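J.: Pasting a structure below so you can have a look.
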Amino acid sequence: MTNLLEQELFKSVEDKTPEYVKKLNLMDFYNENEFVFTLKKEYLASYDAEKNPEGLGLEEWFANYAKEAKVSTAGIRGPQNILYPQDTRFPINLVGIVLATLAKALVANEKYPDKEILKVVGREVRYNSELFLNAIARIQAAQGIKTLVPESTIPIWLASFLAFKLDLLGGEYITSSHGISVKNATKDLNSQGSQYLPEESMEFVEKIQEIFEETKKNGTYEIKISAKNNPLVDREIMKKLNDGVNLYVEYLKSGVAQDANLDLIKDLSEKVVIENVGGSAYRTLSRVLEKLGISDKFVWFNTEEDPFFHSIGKYDTTPKGEKAFYDYSVDATVLAKKQDGTKFFPVIDTLHYDEKLKNMPVGTAVLITDPDHDRLTITQTESVERIPDLEKAGIDYIKLTDKAVLTVFTANQAFLMLMDFYAKQLKAQGLWNNHPRFMIKTTASALSWDEWAKNNGVKVVNVPVGFKEIANIMKKVELQLKNNPEKEVVVDDVFANSINLGVNPRLIFGGEESGGMIMGTEDLIKSLCGREAVAMREKSATEAIVVASALISKLQQAKMSLSEYLVKVFDENNIIGRFDTRVDIAYYNESEPDINKLKLAKVAGEELRTKNDLFYLAQAIAIKQGIMTLDDAKEILSDAFTTLDFSGLKSIKFVGDGTYMEFTDKYIEIRPSGTDAKTKAYGGGLNKADIENYATILGNYSGERTELYNKFIKDEFYEKVKDYAMEYYLAFVEKDANNEKFEIPEYKF
């Protein structure tokens with residue numbers, strides 16, 4: 001069936017792609033034989049029809065790629081030309097994928113000479129993902145690296161799990177998470193199954209630079225691509241392992257899928273809906289649920305794989321009312337404003353639940369997962385009579401009919417319920433007191449999580465945004481468990497607090513407000529060669545779905561809604577900071593098909609983002625270095641924002657990737673996106689309207705330095721602030737780091 005919106009997107013891309021790009025034939029992966037791609041010196045410089053008709057602008061591409069590698073929170077990602085993937089004007093392109101893959105392979109071979117190197121590769125459903133996957137596998141094969149290739153899509157958490165469980169050197173996963181359809185990326189996974197930290201990314205970035213230098217010196221550089229049927233492009237091992245599903249189910253049964261939870265799911269009286277955005281979760285998750293014996297308790301929406309994501313989040317007008325293709329991404333929690341100023345959920349609106357859920361009973365839970373199946377949004381239908389209670393509790397909702405609404409829980413709210421329920425399950429089984437418990441969370445996540453943890457004797461380690469930061473703390477804990485199992489485990493958080501986790505602690509929860517979470521196991525997780533972990537390294541919507549479904553069953557039996565349970569958790573734990581918000585400020589239209597306009601808009605947007613960031617960051621660093629006091633900062637902020645009250649401001653701190661303002665009754669964090677020209681403003685506290693007001697005003701500030709600001713923060717210091725911040729961030733990452741070198745084993749599978 002023709003999708004008119006998708007056709008509009010295709011036409012726009014076709015019209016905006018110049019003829020010289022359309023005629024590019026740099027490498028043909030339809031050629032199943034071995035071949036060579038010759039990188040020419042001319043390719044490095046910009047295209048000029050007369051002076052350099054072979055120009056690809058690779059040096060300009062690389063400059064931006066290297067910049068993002070230093071700060072990226074979730075892979076190096078960006079828009080691509082969905083019709084002409086060799087278009088190097090875009091951040092993600094076939095040539096770039098080839099160069100990055102080769103560089104990573106060269107680094108791996110230098111580190112492990114004469115060893116059998118194995119990696120895994122995976123993808124979801126985005127445009128050109130299969131092409132990129134084949135390119136990665138064939139380039140690695142040409143460098144002597146064996147790549148385990150699945151038959152089709154797998155989730156990011158499965159690729160991560162296999163990297164750890166099978167003791168691989170790592171992997172590549174092709175996704176841009178819940179980003180817009182034209183975006184793509186490679187998430188680099190290390191031997192732990194964790195995303196690369198900046199220093200790991202910089203190793204292969206430097207190798208690309210070496211390749212460019214050699215190309216300039218010699219005029220060309222040859223890159224070998226193996227035959228498609230090269231035995232090092234291994235599709236048999238993944239078939240034999242059922243893509244790792246059997247191993248993963250075994251892992252789940254040691255954690256969230258123990259009998260206490262499975263028995264509850266088997267008792268569900270009303271089925272749970274799984275919204276399968278993009279379709280790619282279905283292939284793996286359906287097998288997992290089948291093996292757990294609970295597949296009959298779920299109803300599926302959107303099981304067909306679709307790179308346009310079933311038009312979810314897609315519109316033919318921009319937020320400003322202009323007639324143009326516009327993509328809000330597939331993040332179900334995104335809030336936007338209509339032309340009349342009213343708030344709405346643009347992604348959920350395109351899911352058409354007013355129709356799809358109309359014949360299902362009130363109380364139906366819908367669990368929404370994204371294309372790479374790592375994030376989860378929890379929603380539930382309720383009676384319109386609950387609206388006053390929902391508003392009082394700060395729970396968002398969408399009116400479906402005259403009788404029903406759909407409650408939409410933020411991840412902060414949803415995960416609070418899941419961690420509380422899981423803790424109660426462990427207590428009911430008599431397991432809770434077997435170990436001290438701790439959680440790892442991002443600073444941008446809810447204050448309610450910290451309050452709940454304190455009330456339940458759970459230690460909290462706060463980290464910067466990004467799941468690799470959560471994984472980094474796990475590895476620090478594991479190093480101490482390995483070297484001194486009888487001693488108390490102590491780690492530092494990003495606020496520079498030392499947190500004593502106790503002797504032989506266990507992770508109860510690791511997660512972030514953007515919808516990703518993981519839970520630990522009672523026994524340490526072991527790889528095939530005996531490495532041990534407190535939890536897996538990537539967020540998993542499957543883990544969240546299992547726990548959420550067990551909770552939903554428990555609440556069905558008690559005739560209680562999720563919203564009622566959330567309020568119960570607040571009350572039982574004396575939680576004061578019940579409200580949270582996130583304001584996303586995008587400085588340009590990511591869906592713009594004209595790459596030249598897109599680049600200019602992004603650069604302009606990045607300048608605005610950076611000015612906003614530096615306004616707050618410089619104050620935090622200046623206080624840290626003793627250049628100014630907190631009272632000075634209060635004076636600056638009160639002068640710049642006359643409608644806001646800063647008398648209750650207790651501290652301003654740099655937290656690894658943003659500036660955290662702690663007030664007596666709330667927190668506000670201003671954070672520049674690590675992957676795009678966006679600012680994210682987070683808030684949590686006692687009053688929803690209050691935190692929304694602060695987050696909106698502070699997040700949208702131009703960053704202009706006032707006269708009072710310049711009195712305390714001089715130009716010379718201001719220009720160095722980002723460098724100071726990177727030094728502090730790296731010191732946090734590297735303190736007590738688990739830098740044990742990975743040893744490649746003898747593989748027996």
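Just remember, in the structure tokens the first chain shown is A, the second B, etc., residues are 1-based per chain, and ligands are 1-based in the order shown.
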Write out as a list of chain:residue names each polymer residue whose atoms come within 6 Å of stretch 541-544 of chain A, counting only C-alpha atoms; drop sequence neighbours fewer than 6 positions from it.

T.: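 Everything that qualifies: A:His373, A:Asp374, A:Arg375, A:Leu376.
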
J.: Hey, what's within 9 Å of A:Gly96 if we count only C-alpha atoms and toss same-chain stuff fewer than 5 positions away? As a list of chain:residue names, please?

T.: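 My reading of the contact set: A:Leu58, A:Trp61, A:Phe62, A:Tyr65, A:Gln86, A:Thr88, A:Pro91, A:Thr101.
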
J.: Please produce a file of those selected residues containing C-alpha atoms, as an mmCIF file, in the first residue's frame.

T.:
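Result went into part-v9.cif, see below:
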```cif
data_model
loop_
_atom_site.group_PDB
_atom_site.id
_atom_site.type_symbol
_atom_site.label_atom_id
_atom_site.label_comp_id
_atom_site.auth_asym_id
_atom_site.auth_seq_id
_atom_site.Cartn_x
_atom_site.Cartn_y
_atom_site.Cartn_z
ATOM 1 C CA LEU A 58 35.421 13.566 3.462
ATOM 2 C CA TRP A 61 32.608 14.877 7.170
ATOM 3 C CA PHE A 62 35.409 13.593 9.363
ATOM 4 C CA TYR A 65 32.374 12.888 13.020
ATOM 5 C CA GLN A 86 26.843 6.996 -0.713
ATOM 6 C CA THR A 88 28.929 11.887 1.871
ATOM 7 C CA PRO A 91 26.866 12.589 8.589
ATOM 8 C CA THR A 101 34.700 -0.043 10.357
#
```

J.: Counting only C-alpha atoms, give me one row per residue of stretch 386-406 of chain A with an atom at most 10 Å from an atom of stretch 353-364 of chain A, showing the shortest contact pair and its distance in Å to one decimal, sorted by chain then residue number, as a tab-separated table.

T.:
```
residue	atom	partner	partner_atom	distance
A:Ile398	CA	A:Asp354	CA	9.5
A:Lys399	CA	A:Asp354	CA	8.3
A:Leu400	CA	A:Asp354	CA	4.8
A:Thr401	CA	A:Asp354	CA	6.7
A:Lys403	CA	A:Val362	CA	9.1
A:Ala404	CA	A:Val362	CA	7.1
A:Val405	CA	A:Val362	CA	8.8
A:Leu406	CA	A:Tyr353	CA	8.5
```

J.: At a cut-off of 12 Å, can you tabulate as a tab-separated table every residue of stretch 612-731 of chain A near stretch 385-391 of chain A together with its closest atom pair and the distance in Å to one decimal, using only C-alpha atoms and ordering rows by chain then number?

T.:
```
residue	atom	partner	partner_atom	distance
A:Asn687	CA	A:Glu391	CA	11.8
A:Lys688	CA	A:Glu391	CA	10.0
A:Ala689	CA	A:Glu391	CA	11.4
```

J.: Output C-alpha atoms of each residue in that selection to a file, as a PDB file, in the first residue's frame.

T.:
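Resulting contents of again-v9.pdb:
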```pdb
ATOM      1  CA  ASN A 687       5.092  21.635  42.042  1.00  0.00           C
ATOM      2  CA  LYS A 688       4.637  20.667  38.388  1.00  0.00           C
ATOM      3  CA  ALA A 689       3.760  24.125  37.079  1.00  0.00           C
TER       4      ALA A 689
END
```

J.: Applying 6 Å and only C-alpha atoms, which residues near A:Ile508 remain after dropping the ones on its own chain fewer than 4 positions away? List them as number ranges by chain.

T.: A: 437-439, 519-520

J.: Tell me which protein, DNA and RNA residues are within 9 Å of A:Leu566, counting only C-alpha atoms, leaving out same-chain ones fewer than 3 positions away, and put them as a PyMOL selection string.

T.: chain A and resi 393+413-414+416-417+561-563+569-571

J.: At a cut-off of 6 Å, using only C-alpha atoms, what residues contact A:Glu513? Leave out same-chain residues fewer than 6 positions from it and give the result as a ChimeraX atom specification.

T.: /A:411-412,445

J.: Taking only stretch 547-704 of chain A into account, list the residues labelled strand (DSSP E) by DSSP (computed from the backbone), as a ChimeraX atom specification.

T.: /A:579-586,649-654,659-663,666-672,678-685

J.: I'd like the contact shell of A:Val272 - 7 Å cut-off, only C-alpha atoms, skipping same-chain residues fewer than 5 positions apart - returned as a list in words.

T.: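 My list of contacting residues is Lys297, Phe298, Val299, Thr364, Ala365 and Val366 of chain A.
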
J.: Would you mind exporting the chosen residues as a compact mmCIF listing (two decimals), in the first residue's frame, restricted to N, CA, C and O atoms?

T.:
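In the end it all went to again_27.txt:
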```txt
# COMPACT_ATOMS: atom_id res chain seq x y z
N LYS A 297 -0.53 -14.06 26.55
CA LYS A 297 -1.05 -12.98 27.40
C LYS A 297 -0.87 -11.60 26.77
O LYS A 297 -1.14 -10.58 27.42
N PHE A 298 -0.44 -11.57 25.50
CA PHE A 298 -0.13 -10.30 24.87
C PHE A 298 -0.83 -10.16 23.52
O PHE A 298 -1.03 -11.14 22.80
N VAL A 299 -1.18 -8.93 23.20
CA VAL A 299 -1.71 -8.55 21.89
C VAL A 299 -0.68 -7.62 21.25
O VAL A 299 -0.12 -6.75 21.93
N THR A 364 -6.97 -1.46 30.04
CA THR A 364 -5.99 -2.10 29.14
C THR A 364 -4.66 -1.34 29.19
O THR A 364 -4.63 -0.12 29.02
N ALA A 365 -3.60 -2.08 29.44
CA ALA A 365 -2.26 -1.48 29.47
C ALA A 365 -1.62 -1.62 28.09
O ALA A 365 -1.70 -2.68 27.46
N VAL A 366 -0.99 -0.55 27.62
CA VAL A 366 -0.28 -0.57 26.35
C VAL A 366 1.18 -0.23 26.62
O VAL A 366 1.49 0.83 27.16
```

J.: Find the residue from A:Ala66, A:Leu158, A:Asp87, A:Ala586 that sits nearest to A:Asn25; use only C-alpha atoms when measuring.

T.: A:Asp87

J.: Nearest residue to A:Lys337 out of A:Asp690, A:Glu304, A:Asp584, A:Glu50, using only C-alpha atoms?

T.: A:Asp584

J.: Please indicate the distance in Å from atom CA of A:Thr153 to atom CA of A:Val277, rounded to one decimal place.

T.: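 Atom CA of A:Thr153 sits 13.5 Å away from atom CA of A:Val277.
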
J.: Could you tell me, as a VMD selection string, which residues of stretch 350-484 of chain A DSSP assigns to helix (DSSP H, G or I) when given the backbone?

T.: chain A and resid 353 to 356 384 to 393 411 to 428 432 to 434 447 to 455 467 to 483

J.: Kindly provide the residues of stretch 563-625 of chain A that approach stretch 168-184 of chain A to within 12 Å, each paired with its closest atom pair and their distance in Å to one decimal, based on only C-alpha atoms, listed by chain and increasing number, as a tab-separated table.

T.:
```
residue	atom	partner	partner_atom	distance
A:Asn589	CA	A:Ile180	CA	10.8
A:Glu590	CA	A:Ile180	CA	7.9
A:Ser591	CA	A:Val182	CA	7.4
A:Glu592	CA	A:Val182	CA	9.9
A:Pro593	CA	A:Val182	CA	9.2
A:Ile595	CA	A:Val182	CA	11.8
```

J.: Leaving out A:Tyr326 and any residue of its chain fewer than 5 positions from it, which residues lie within 8 Å of it when counting only C-alpha atoms, given as an MDAnalysis selection string?

T.: chainID A and resid 314:318 589 591

J.: To one decimal in Å, tell me the separation between atom CA of A:Val547 and atom CA of A:Met419.

T.: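 It comes out at 8.9 Å.
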